[in-house]
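Shown here: query_18.cif, mmCIF, C-alpha atoms, pLDDT in the B column; chains and numbers go by the auth columns.
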data_model
#
loop_
_atom_site.group_PDB
_atom_site.id
_atom_site.type_symbol
_atom_site.label_atom_id
_atom_site.label_comp_id
_atom_site.label_asym_id
_atom_site.label_seq_id
_atom_site.Cartn_x
_atom_site.Cartn_y
_atom_site.Cartn_z
_atom_site.B_iso_or_equiv
_atom_site.auth_seq_id
_atom_site.auth_asym_id
ATOM 1 C CA MET A 1 311.636 59.000 -236.777 40.00 1098 A
ATOM 2 C CA ASN A 2 310.902 60.423 -233.355 43.00 1099 A
ATOM 3 C CA GLN A 3 307.768 62.133 -232.063 44.00 1100 A
ATOM 4 C CA LYS A 4 309.281 65.615 -232.244 42.00 1101 A
ATOM 5 C CA VAL A 5 310.182 65.215 -235.923 43.00 1102 A
ATOM 6 C CA ILE A 6 306.618 64.136 -236.797 44.00 1103 A
ATOM 7 C CA GLN A 7 305.086 67.014 -234.847 44.00 1104 A
ATOM 8 C CA MET A 8 307.432 69.585 -236.370 44.00 1105 A
ATOM 9 C CA ALA A 9 307.352 68.247 -239.927 57.00 1106 A
ATOM 10 C CA GLU A 10 306.682 70.996 -242.441 70.00 1107 A
ATOM 11 C CA TYR A 11 304.234 70.393 -245.234 84.00 1108 A
ATOM 12 C CA GLU A 12 303.527 73.083 -247.761 84.00 1109 A
ATOM 13 C CA TYR A 13 299.941 71.881 -248.167 87.00 1110 A
ATOM 14 C CA GLY A 14 298.173 72.736 -244.921 88.00 1111 A
ATOM 15 C CA ARG A 15 295.968 69.660 -244.701 90.00 1112 A
ATOM 16 C CA MET A 16 299.079 67.517 -244.403 90.00 1113 A
ATOM 17 C CA THR A 17 300.229 69.504 -241.377 92.00 1114 A
ATOM 18 C CA VAL A 18 296.790 69.249 -239.782 94.00 1115 A
ATOM 19 C CA LEU A 19 296.752 65.466 -240.204 96.00 1116 A
ATOM 20 C CA ALA A 20 300.320 65.076 -238.915 94.00 1117 A
ATOM 21 C CA HIS A 21 299.515 67.125 -235.820 94.00 1118 A
ATOM 22 C CA ALA A 22 296.297 65.176 -235.197 96.00 1119 A
ATOM 23 C CA LEU A 23 298.235 61.904 -235.353 96.00 1120 A
ATOM 24 C CA ALA A 24 300.819 63.254 -232.907 94.00 1121 A
ATOM 25 C CA LYS A 25 298.152 64.594 -230.547 94.00 1122 A
ATOM 26 C CA ALA A 26 296.462 61.182 -230.525 95.00 1123 A
ATOM 27 C CA GLY A 27 299.752 59.592 -229.460 95.00 1124 A
ATOM 28 C CA ILE A 28 300.084 57.427 -232.555 96.00 1125 A
ATOM 29 C CA ASP A 29 303.285 55.397 -232.661 94.00 1126 A
ATOM 30 C CA ASN A 30 306.010 57.314 -234.487 93.00 1127 A
ATOM 31 C CA GLU A 31 306.649 54.647 -237.096 95.00 1128 A
ATOM 32 C CA ILE A 32 302.941 54.211 -237.831 96.00 1129 A
ATOM 33 C CA ALA A 33 302.418 57.964 -238.133 95.00 1130 A
ATOM 34 C CA ALA A 34 305.343 58.201 -240.543 94.00 1131 A
ATOM 35 C CA ARG A 35 303.853 55.431 -242.687 96.00 1132 A
ATOM 36 C CA ILE A 36 300.512 57.218 -242.825 97.00 1133 A
ATOM 37 C CA MET A 37 302.168 60.521 -243.767 95.00 1134 A
ATOM 38 C CA GLU A 38 304.431 58.909 -246.392 95.00 1135 A
ATOM 39 C CA GLY A 39 304.857 61.168 -249.407 92.00 1136 A
ATOM 40 C CA GLY A 40 302.956 64.076 -247.843 91.00 1137 A
ATOM 41 C CA GLU A 41 305.959 66.371 -248.105 89.00 1138 A
ATOM 42 C CA LYS A 42 305.750 66.072 -251.898 91.00 1139 A
ATOM 43 C CA ILE A 43 302.237 67.538 -252.011 91.00 1140 A
ATOM 44 C CA LEU A 44 302.503 71.283 -252.557 91.00 1141 A
ATOM 45 C CA LYS A 45 299.998 74.113 -252.555 89.00 1142 A
ATOM 46 C CA SER A 46 300.487 74.215 -256.304 93.00 1143 A
ATOM 47 C CA SER A 47 299.895 70.478 -256.733 92.00 1144 A
ATOM 48 C CA SER A 48 296.825 69.585 -258.754 92.00 1145 A
ATOM 49 C CA SER A 49 293.564 68.836 -256.980 91.00 1146 A
ATOM 50 C CA LYS A 50 293.781 65.337 -258.443 92.00 1147 A
ATOM 51 C CA LYS A 51 297.230 64.731 -256.949 93.00 1148 A
ATOM 52 C CA LYS A 52 296.087 66.019 -253.551 93.00 1149 A
ATOM 53 C CA ALA A 53 293.051 63.754 -253.678 93.00 1150 A
ATOM 54 C CA GLU A 54 295.154 60.737 -254.639 95.00 1151 A
ATOM 55 C CA TRP A 55 297.490 61.272 -251.686 95.00 1152 A
ATOM 56 C CA MET A 56 294.653 61.767 -249.201 95.00 1153 A
ATOM 57 C CA LYS A 57 292.853 58.680 -250.487 96.00 1154 A
ATOM 58 C CA SER A 58 296.018 56.615 -250.009 96.00 1155 A
ATOM 59 C CA ALA A 59 296.610 58.099 -246.554 97.00 1156 A
ATOM 60 C CA MET A 60 293.091 57.131 -245.479 97.00 1157 A
ATOM 61 C CA ASP A 61 293.676 53.590 -246.779 97.00 1158 A
ATOM 62 C CA ARG A 62 296.842 53.416 -244.691 98.00 1159 A
ATOM 63 C CA MET A 63 294.971 54.697 -241.638 98.00 1160 A
ATOM 64 C CA ASP A 64 292.303 52.034 -242.147 98.00 1161 A
ATOM 65 C CA MET A 65 295.003 49.376 -242.283 98.00 1162 A
ATOM 66 C CA LEU A 66 297.170 50.619 -239.415 98.00 1163 A
ATOM 67 C CA LEU A 67 294.727 52.100 -236.865 98.00 1164 A
ATOM 68 C CA ASP A 68 291.641 50.719 -235.171 97.00 1165 A
ATOM 69 C CA GLU A 69 288.305 52.292 -236.054 97.00 1166 A
ATOM 70 C CA GLU A 70 287.871 54.341 -232.887 96.00 1167 A
ATOM 71 C CA THR A 71 291.385 55.785 -233.120 97.00 1168 A
ATOM 72 C CA ARG A 72 291.278 56.710 -236.783 97.00 1169 A
ATOM 73 C CA HIS A 73 287.874 58.348 -236.377 97.00 1170 A
ATOM 74 C CA ALA A 74 289.170 60.370 -233.425 97.00 1171 A
ATOM 75 C CA VAL A 75 292.226 61.451 -235.426 98.00 1172 A
ATOM 76 C CA ARG A 76 290.075 62.667 -238.294 98.00 1173 A
ATOM 77 C CA GLU A 77 287.670 64.455 -235.931 97.00 1174 A
ATOM 78 C CA GLY A 78 290.770 66.236 -234.681 96.00 1175 A
ATOM 79 C CA CYS A 79 291.326 67.547 -238.215 97.00 1176 A
ATOM 80 C CA ALA A 80 288.016 69.446 -238.269 96.00 1177 A
ATOM 81 C CA CYS A 81 288.204 73.005 -239.559 93.00 1178 A
ATOM 82 C CA CYS A 82 286.017 76.151 -239.452 94.00 1179 A
ATOM 83 C CA LEU A 83 285.372 75.780 -235.716 96.00 1180 A
ATOM 84 C CA LYS A 84 285.318 79.500 -234.930 96.00 1181 A
ATOM 85 C CA GLY A 85 284.156 82.702 -236.586 97.00 1182 A
ATOM 86 C CA LYS A 86 280.587 83.214 -237.783 97.00 1183 A
ATOM 87 C CA ARG A 87 279.650 79.562 -237.299 97.00 1184 A
ATOM 88 C CA GLN A 88 280.678 79.673 -233.673 97.00 1185 A
ATOM 89 C CA GLU A 89 278.751 82.907 -233.161 98.00 1186 A
ATOM 90 C CA ILE A 90 275.598 81.382 -234.631 98.00 1187 A
ATOM 91 C CA THR A 91 275.729 78.242 -232.502 98.00 1188 A
ATOM 92 C CA LYS A 92 276.492 80.158 -229.305 98.00 1189 A
ATOM 93 C CA GLU A 93 273.514 82.388 -230.032 98.00 1190 A
ATOM 94 C CA ILE A 94 271.271 79.320 -230.437 98.00 1191 A
ATOM 95 C CA ALA A 95 272.402 77.964 -227.061 98.00 1192 A
ATOM 96 C CA ALA A 96 271.833 81.326 -225.376 98.00 1193 A
ATOM 97 C CA LYS A 97 268.458 82.105 -226.969 98.00 1194 A
ATOM 98 C CA TYR A 98 266.696 78.736 -226.648 98.00 1195 A
ATOM 99 C CA GLU A 99 266.253 76.552 -223.579 96.00 1196 A
ATOM 100 C CA THR A 100 264.831 73.200 -224.661 97.00 1197 A
ATOM 101 C CA LEU A 101 266.524 70.592 -226.840 97.00 1198 A
ATOM 102 C CA ASP A 102 263.648 70.673 -229.333 97.00 1199 A
ATOM 103 C CA GLU A 103 263.940 74.444 -229.700 98.00 1200 A
ATOM 104 C CA ARG A 104 267.689 74.251 -230.180 98.00 1201 A
ATOM 105 C CA ILE A 105 267.381 71.518 -232.802 98.00 1202 A
ATOM 106 C CA ALA A 106 264.754 73.564 -234.663 98.00 1203 A
ATOM 107 C CA ALA A 107 267.028 76.625 -234.589 98.00 1204 A
ATOM 108 C CA SER A 108 270.009 74.547 -235.736 98.00 1205 A
ATOM 109 C CA ASN A 109 267.895 73.287 -238.627 98.00 1206 A
ATOM 110 C CA GLU A 110 267.504 76.891 -239.763 97.00 1207 A
ATOM 111 C CA ALA A 111 271.239 77.573 -239.490 97.00 1208 A
ATOM 112 C CA LYS A 112 272.074 76.444 -243.027 96.00 1209 A
ATOM 113 C CA TYR A 113 275.413 78.265 -243.018 96.00 1210 A
ATOM 114 C CA VAL A 114 276.604 75.955 -240.247 97.00 1211 A
ATOM 115 C CA PHE A 115 274.804 72.654 -240.827 96.00 1212 A
ATOM 116 C CA GLY A 116 273.938 72.546 -244.521 95.00 1213 A
ATOM 117 C CA ASP A 117 270.570 71.140 -245.481 97.00 1214 A
ATOM 118 C CA SER A 118 268.976 70.009 -242.219 97.00 1215 A
ATOM 119 C CA VAL A 119 269.220 69.030 -238.561 98.00 1216 A
ATOM 120 C CA THR A 120 266.482 66.671 -237.365 98.00 1217 A
ATOM 121 C CA MET A 121 265.690 64.444 -234.407 97.00 1218 A
ATOM 122 C CA LEU A 122 264.965 60.838 -235.412 97.00 1219 A
ATOM 123 C CA ASP A 123 262.447 58.554 -233.739 96.00 1220 A
ATOM 124 C CA ASP A 124 265.234 56.651 -231.978 95.00 1221 A
ATOM 125 C CA GLY A 125 266.547 59.843 -230.361 95.00 1222 A
ATOM 126 C CA GLN A 126 269.525 60.265 -232.647 97.00 1223 A
ATOM 127 C CA ILE A 127 270.136 63.585 -234.372 98.00 1224 A
ATOM 128 C CA LEU A 128 270.700 63.567 -238.126 98.00 1225 A
ATOM 129 C CA VAL A 129 272.669 66.298 -239.880 98.00 1226 A
ATOM 130 C CA ARG A 130 272.374 66.300 -243.658 97.00 1227 A
ATOM 131 C CA PHE A 131 274.617 68.512 -245.763 96.00 1228 A
ATOM 132 C CA ALA A 132 272.542 68.263 -248.949 95.00 1229 A
ATOM 133 C CA PRO A 133 268.914 67.476 -249.771 94.00 1230 A
ATOM 134 C CA GLU A 134 267.812 64.014 -250.816 90.00 1231 A
ATOM 135 C CA GLY A 135 267.005 63.259 -254.438 91.00 1232 A
ATOM 136 C CA LEU A 136 269.880 64.954 -256.257 94.00 1233 A
ATOM 137 C CA GLU A 137 271.333 63.204 -259.287 94.00 1234 A
ATOM 138 C CA SER A 138 274.797 63.305 -257.748 93.00 1235 A
ATOM 139 C CA TYR A 139 276.612 64.699 -254.731 94.00 1236 A
ATOM 140 C CA ARG A 140 280.014 66.354 -254.572 91.00 1237 A
ATOM 141 C CA CYS A 141 282.574 66.727 -251.804 91.00 1238 A
ATOM 142 C CA VAL A 142 283.879 70.288 -251.615 88.00 1239 A
ATOM 143 C CA CYS A 143 286.974 69.130 -249.693 89.00 1240 A
ATOM 144 C CA ILE A 144 288.230 66.619 -252.287 89.00 1241 A
ATOM 145 C CA PRO A 145 286.493 67.546 -255.539 82.00 1242 A
ATOM 146 C CA GLN A 146 288.844 65.537 -257.777 83.00 1243 A
ATOM 147 C CA ALA A 147 288.728 62.165 -256.042 85.00 1244 A
ATOM 148 C CA ASN A 148 288.972 59.220 -258.427 87.00 1245 A
ATOM 149 C CA GLY A 149 287.030 56.254 -257.092 91.00 1246 A
ATOM 150 C CA PRO A 150 285.612 55.838 -253.598 95.00 1247 A
ATOM 151 C CA VAL A 151 287.502 57.368 -250.676 96.00 1248 A
ATOM 152 C CA SER A 152 287.327 55.717 -247.268 97.00 1249 A
ATOM 153 C CA ILE A 153 284.614 57.121 -245.037 97.00 1250 A
ATOM 154 C CA THR A 154 287.405 57.623 -242.499 98.00 1251 A
ATOM 155 C CA TYR A 155 288.193 60.878 -244.291 97.00 1252 A
ATOM 156 C CA CYS A 156 284.699 62.182 -243.602 97.00 1253 A
ATOM 157 C CA TYR A 157 285.101 62.167 -239.830 98.00 1254 A
ATOM 158 C CA CYS A 158 286.834 65.503 -240.363 97.00 1255 A
ATOM 159 C CA CYS A 159 283.620 67.104 -241.648 96.00 1256 A
ATOM 160 C CA GLY A 160 281.684 65.116 -239.079 97.00 1257 A
ATOM 161 C CA GLY A 161 283.923 66.625 -236.400 97.00 1258 A
ATOM 162 C CA HIS A 162 283.079 70.081 -237.704 97.00 1259 A
ATOM 163 C CA ALA A 163 279.343 69.370 -237.421 97.00 1260 A
ATOM 164 C CA LYS A 164 279.800 67.739 -234.014 98.00 1261 A
ATOM 165 C CA HIS A 165 281.700 70.705 -232.597 98.00 1262 A
ATOM 166 C CA HIS A 166 279.047 73.207 -233.592 98.00 1263 A
ATOM 167 C CA LEU A 167 276.087 71.002 -232.731 98.00 1264 A
ATOM 168 C CA GLN A 168 277.467 70.391 -229.243 98.00 1265 A
ATOM 169 C CA THR A 169 277.695 74.150 -228.792 98.00 1266 A
ATOM 170 C CA ALA A 170 274.181 74.760 -230.095 98.00 1267 A
ATOM 171 C CA LEU A 171 272.546 71.972 -228.087 98.00 1268 A
ATOM 172 C CA GLY A 172 274.635 72.365 -224.951 97.00 1269 A
ATOM 173 C CA CYS A 173 275.395 68.648 -224.620 96.00 1270 A
ATOM 174 C CA LYS A 174 278.105 66.154 -225.475 97.00 1271 A
ATOM 175 C CA LEU A 175 277.596 64.041 -228.598 98.00 1272 A
ATOM 176 C CA SER A 176 279.068 60.943 -230.203 97.00 1273 A
ATOM 177 C CA LEU A 177 279.444 60.809 -233.987 98.00 1274 A
ATOM 178 C CA THR A 178 278.833 58.255 -236.707 98.00 1275 A
ATOM 179 C CA VAL A 179 279.266 59.141 -240.377 98.00 1276 A
ATOM 180 C CA ARG A 180 276.262 57.453 -241.977 97.00 1277 A
ATOM 181 C CA SER A 181 276.999 58.230 -245.630 97.00 1278 A
ATOM 182 C CA SER A 182 279.237 60.446 -247.731 96.00 1279 A
ATOM 183 C CA ALA A 183 279.622 61.689 -251.263 95.00 1280 A
ATOM 184 C CA LEU A 184 283.248 60.512 -251.272 95.00 1281 A
ATOM 185 C CA ALA A 185 282.634 56.964 -250.098 95.00 1282 A
ATOM 186 C CA SER A 186 279.657 56.498 -252.436 95.00 1283 A
ATOM 187 C CA GLU A 187 281.293 58.202 -255.451 94.00 1284 A
ATOM 188 C CA GLY A 188 278.590 60.836 -255.501 94.00 1285 A
ATOM 189 C CA LYS A 189 275.615 58.498 -255.154 95.00 1286 A
ATOM 190 C CA GLU A 190 274.770 59.520 -251.577 95.00 1287 A
ATOM 191 C CA SER A 191 274.789 62.768 -249.657 94.00 1288 A
ATOM 192 C CA CYS A 192 276.924 63.493 -246.606 96.00 1289 A
ATOM 193 C CA THR A 193 274.939 62.590 -243.494 98.00 1290 A
ATOM 194 C CA PHE A 194 276.046 62.428 -239.879 98.00 1291 A
ATOM 195 C CA LEU A 195 274.347 60.759 -236.921 98.00 1292 A
ATOM 196 C CA PHE A 196 274.802 61.979 -233.378 98.00 1293 A
ATOM 197 C CA LYS A 197 273.853 60.431 -230.061 98.00 1294 A
ATOM 198 C CA ILE A 198 273.578 62.453 -226.895 97.00 1295 A
ATOM 199 C CA VAL A 199 276.175 61.187 -224.439 95.00 1296 A
ATOM 200 C CA GLU A 200 274.697 60.962 -220.959 72.00 1297 A
#

Hey, can you dump this file as structure tokens for me?
Amino acid sequence: MNQKVIQMAEYEYGRMTVLAHALAKAGIDNEIAARIMEGGEKILKSSSSKKKAEWMKSAMDRMDMLLDEETRHAVREGCACCLKGKRQEITKEIAAKYETLDERIAASNEAKYVFGDSVTMLDDGQILVRFAPEGLESYRCVCIPQANGPVSITYCYCCGGHAKHHLQTALGCKLSLTVRSSALASEGKESCTFLFKIVE
């Protein structure tokens, strides 16, 4: 299968197309990309949430096996959604209204629509974004609500990429991302939390 075929592949379920394009954009070998996307054409918009979750879980397992950590994280960051619209307006307004990093972090912390539960600066200088408060009995992923068993944290670099994009806009600086915990990887035992370092 050549690069053009992978890039132009049509998947009825949009998340398949997004992943295929992210793999192509990252320059992933054609054969490897095809192995990761195996069976994706059979997932339809009308497919059950469970079937969609099963395919995505398997695709993430294949990515973990076939791609190095840095590459697979970059691919999933490239799948981030909701990068424009109201969220973009809010983060641009934060950057324009506030001058210092502390002020921008405080304003981001109040922007629940964009960043969920909280945005805080840790003692070591990293910035923690938490999508849900601590202490809940269980946590749920809105992206794959019907996952059966733990899903690789690789998947969660998509949501992390969403948070990274908007936080970079709000703070006016480049960031690196680490997914610290996720509802998917922990089977609902932990919340989704993302750590960011300012890149000098």

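Each of A:Arg1173, A:Lys1286, A:Lys1139, A:Arg1159 was compared to Ala1229 in chain A using only C-alpha atoms, and A:Lys1286 turns out to be the nearest.
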
Please provide as a PyMOL selection string all residues within 12 Å of Met1157 in chain A, with the sequence filter that same-chain residues fewer than 4 positions apart are discarded (counting all atoms listed in the file). chain A and resi 1116+1130+1132-1135+1150-1153+1161-1164+1166+1169-1170+1172-1173+1247-1255+1281-1282

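Residues selected in this file by the PyMOL selection byres ((chain A and resi 1180) around 10) comprise Ala1177, Cys1178, Cys1179, Lys1181, Gly1182, Lys1183, Arg1184, Gln1185, Val1211, Gly1258, His1259, Ala1260, Lys1261, His1262 and His1263 of chain A.
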
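Applied to the shown file, the PyMOL selection byres ((chain A and resi 1187) around 12) selects the residues Leu1180, Lys1181, Gly1182, Lys1183, Arg1184, Gln1185, Glu1186, Thr1188, Lys1189, Glu1190, Ile1191, Ala1192, Ala1193, Lys1194, Arg1201, Ala1204, Ser1205, Asn1206, Glu1207, Ala1208, Lys1209, Tyr1210, Val1211, Phe1212, His1263, Leu1264, Thr1266, Ala1267 and Leu1268 of chain A.
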
Counting only C-alpha atoms, which of A:Val1296, A:Thr1197, A:Arg1112, A:Ala1123 gets nearest to Gly1175 in chain A? A:Ala1123

Reconstruct range 1218-1242 of chain A at the level of N, CA, C and O atoms, and format the result as a PDB file, in the frame of the given file.
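Output contents, as saved in result_24.pdb:
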ATOM      1  N   MET A1218     265.691  65.497-235.418  1.00 97.00           N
ATOM      2  CA  MET A1218     265.690  64.444-234.407  1.00 97.00           C
ATOM      3  C   MET A1218     264.954  63.234-234.970  1.00 97.00           C
ATOM      4  O   MET A1218     263.815  63.352-235.444  1.00 97.00           O
ATOM      5  N   LEU A1219     265.586  62.064-234.921  1.00 97.00           N
ATOM      6  CA  LEU A1219     264.965  60.838-235.412  1.00 97.00           C
ATOM      7  C   LEU A1219     264.136  60.177-234.309  1.00 97.00           C
ATOM      8  O   LEU A1219     264.267  60.505-233.132  1.00 97.00           O
ATOM      9  N   ASP A1220     263.318  59.233-234.699  1.00 96.00           N
ATOM     10  CA  ASP A1220     262.447  58.554-233.739  1.00 96.00           C
ATOM     11  C   ASP A1220     263.224  57.833-232.643  1.00 96.00           C
ATOM     12  O   ASP A1220     262.735  57.672-231.524  1.00 96.00           O
ATOM     13  N   ASP A1221     264.444  57.386-232.965  1.00 95.00           N
ATOM     14  CA  ASP A1221     265.234  56.651-231.978  1.00 95.00           C
ATOM     15  C   ASP A1221     266.058  57.567-231.074  1.00 95.00           C
ATOM     16  O   ASP A1221     266.878  57.108-230.284  1.00 95.00           O
ATOM     17  N   GLY A1222     265.854  58.887-231.210  1.00 95.00           N
ATOM     18  CA  GLY A1222     266.547  59.843-230.361  1.00 95.00           C
ATOM     19  C   GLY A1222     267.864  60.345-230.912  1.00 95.00           C
ATOM     20  O   GLY A1222     268.479  61.241-230.329  1.00 95.00           O
ATOM     21  N   GLN A1223     268.307  59.770-232.025  1.00 97.00           N
ATOM     22  CA  GLN A1223     269.525  60.265-232.647  1.00 97.00           C
ATOM     23  C   GLN A1223     269.229  61.540-233.434  1.00 97.00           C
ATOM     24  O   GLN A1223     268.098  61.787-233.845  1.00 97.00           O
ATOM     25  N   ILE A1224     270.268  62.325-233.638  1.00 98.00           N
ATOM     26  CA  ILE A1224     270.136  63.585-234.372  1.00 98.00           C
ATOM     27  C   ILE A1224     270.867  63.430-235.696  1.00 98.00           C
ATOM     28  O   ILE A1224     272.035  63.036-235.742  1.00 98.00           O
ATOM     29  N   LEU A1225     270.161  63.725-236.777  1.00 98.00           N
ATOM     30  CA  LEU A1225     270.700  63.567-238.126  1.00 98.00           C
ATOM     31  C   LEU A1225     271.020  64.934-238.718  1.00 98.00           C
ATOM     32  O   LEU A1225     270.166  65.823-238.753  1.00 98.00           O
ATOM     33  N   VAL A1226     272.256  65.095-239.162  1.00 98.00           N
ATOM     34  CA  VAL A1226     272.669  66.298-239.880  1.00 98.00           C
ATOM     35  C   VAL A1226     272.930  65.905-241.324  1.00 98.00           C
ATOM     36  O   VAL A1226     273.704  64.991-241.608  1.00 98.00           O
ATOM     37  N   ARG A1227     272.252  66.588-242.228  1.00 97.00           N
ATOM     38  CA  ARG A1227     272.374  66.300-243.658  1.00 97.00           C
ATOM     39  C   ARG A1227     272.912  67.548-244.363  1.00 97.00           C
ATOM     40  O   ARG A1227     272.353  68.635-244.215  1.00 97.00           O
ATOM     41  N   PHE A1228     273.988  67.366-245.118  1.00 96.00           N
ATOM     42  CA  PHE A1228     274.617  68.512-245.763  1.00 96.00           C
ATOM     43  C   PHE A1228     273.994  68.874-247.116  1.00 96.00           C
ATOM     44  O   PHE A1228     274.275  69.934-247.652  1.00 96.00           O
ATOM     45  N   ALA A1229     273.188  67.987-247.661  1.00 95.00           N
ATOM     46  CA  ALA A1229     272.542  68.263-248.949  1.00 95.00           C
ATOM     47  C   ALA A1229     271.185  67.570-248.965  1.00 95.00           C
ATOM     48  O   ALA A1229     270.989  66.580-248.262  1.00 95.00           O
ATOM     49  N   PRO A1230     270.245  68.097-249.732  1.00 94.00           N
ATOM     50  CA  PRO A1230     268.914  67.476-249.771  1.00 94.00           C
ATOM     51  C   PRO A1230     268.933  66.124-250.472  1.00 94.00           C
ATOM     52  O   PRO A1230     269.821  65.830-251.275  1.00 94.00           O
ATOM     53  N   GLU A1231     267.973  65.300-250.138  1.00 90.00           N
ATOM     54  CA  GLU A1231     267.812  64.014-250.816  1.00 90.00           C
ATOM     55  C   GLU A1231     267.324  64.225-252.247  1.00 90.00           C
ATOM     56  O   GLU A1231     266.713  65.238-252.572  1.00 90.00           O
ATOM     57  N   GLY A1232     267.587  63.250-253.103  1.00 91.00           N
ATOM     58  CA  GLY A1232     267.005  63.259-254.438  1.00 91.00           C
ATOM     59  C   GLY A1232     267.830  63.902-255.529  1.00 91.00           C
ATOM     60  O   GLY A1232     267.373  63.972-256.677  1.00 91.00           O
ATOM     61  N   LEU A1233     269.046  64.368-255.209  1.00 94.00           N
ATOM     62  CA  LEU A1233     269.880  64.954-256.257  1.00 94.00           C
ATOM     63  C   LEU A1233     270.463  63.847-257.136  1.00 94.00           C
ATOM     64  O   LEU A1233     270.630  62.709-256.709  1.00 94.00           O
ATOM     65  N   GLU A1234     270.768  64.194-258.368  1.00 94.00           N
ATOM     66  CA  GLU A1234     271.333  63.204-259.287  1.00 94.00           C
ATOM     67  C   GLU A1234     272.717  62.749-258.839  1.00 94.00           C
ATOM     68  O   GLU A1234     273.096  61.589-259.033  1.00 94.00           O
ATOM     69  N   SER A1235     273.469  63.653-258.255  1.00 93.00           N
ATOM     70  CA  SER A1235     274.797  63.305-257.748  1.00 93.00           C
ATOM     71  C   SER A1235     275.175  64.284-256.653  1.00 93.00           C
ATOM     72  O   SER A1235     274.608  65.368-256.532  1.00 93.00           O
ATOM     73  N   TYR A1236     276.149  63.877-255.840  1.00 94.00           N
ATOM     74  CA  TYR A1236     276.612  64.699-254.731  1.00 94.00           C
ATOM     75  C   TYR A1236     278.115  64.883-254.862  1.00 94.00           C
ATOM     76  O   TYR A1236     278.816  64.002-255.349  1.00 94.00           O
ATOM     77  N   ARG A1237     278.605  66.014-254.392  1.00 91.00           N
ATOM     78  CA  ARG A1237     280.014  66.354-254.572  1.00 91.00           C
ATOM     79  C   ARG A1237     280.625  66.770-253.242  1.00 91.00           C
ATOM     80  O   ARG A1237     280.011  67.491-252.468  1.00 91.00           O
ATOM     81  N   CYS A1238     281.833  66.312-252.993  1.00 91.00           N
ATOM     82  CA  CYS A1238     282.574  66.727-251.804  1.00 91.00           C
ATOM     83  C   CYS A1238     283.364  67.985-252.130  1.00 91.00           C
ATOM     84  O   CYS A1238     284.151  67.997-253.080  1.00 91.00           O
ATOM     85  N   VAL A1239     283.158  69.035-251.361  1.00 88.00           N
ATOM     86  CA  VAL A1239     283.879  70.288-251.615  1.00 88.00           C
ATOM     87  C   VAL A1239     285.326  70.201-251.142  1.00 88.00           C
ATOM     88  O   VAL A1239     286.169  70.974-251.576  1.00 88.00           O
ATOM     89  N   CYS A1240     285.616  69.255-250.231  1.00 89.00           N
ATOM     90  CA  CYS A1240     286.974  69.130-249.693  1.00 89.00           C
ATOM     91  C   CYS A1240     287.913  68.408-250.650  1.00 89.00           C
ATOM     92  O   CYS A1240     289.081  68.769-250.779  1.00 89.00           O
ATOM     93  N   ILE A1241     287.421  67.364-251.305  1.00 89.00           N
ATOM     94  CA  ILE A1241     288.230  66.619-252.287  1.00 89.00           C
ATOM     95  C   ILE A1241     287.405  66.501-253.571  1.00 89.00           C
ATOM     96  O   ILE A1241     286.820  65.451-253.852  1.00 89.00           O
ATOM     97  N   PRO A1242     287.360  67.557-254.356  1.00 82.00           N
ATOM     98  CA  PRO A1242     286.493  67.546-255.539  1.00 82.00           C
ATOM     99  C   PRO A1242     286.989  66.666-256.675  1.00 82.00           C
ATOM    100  O   PRO A1242     286.221  66.317-257.560  1.00 82.00           O
TER     101      PRO A1242
END
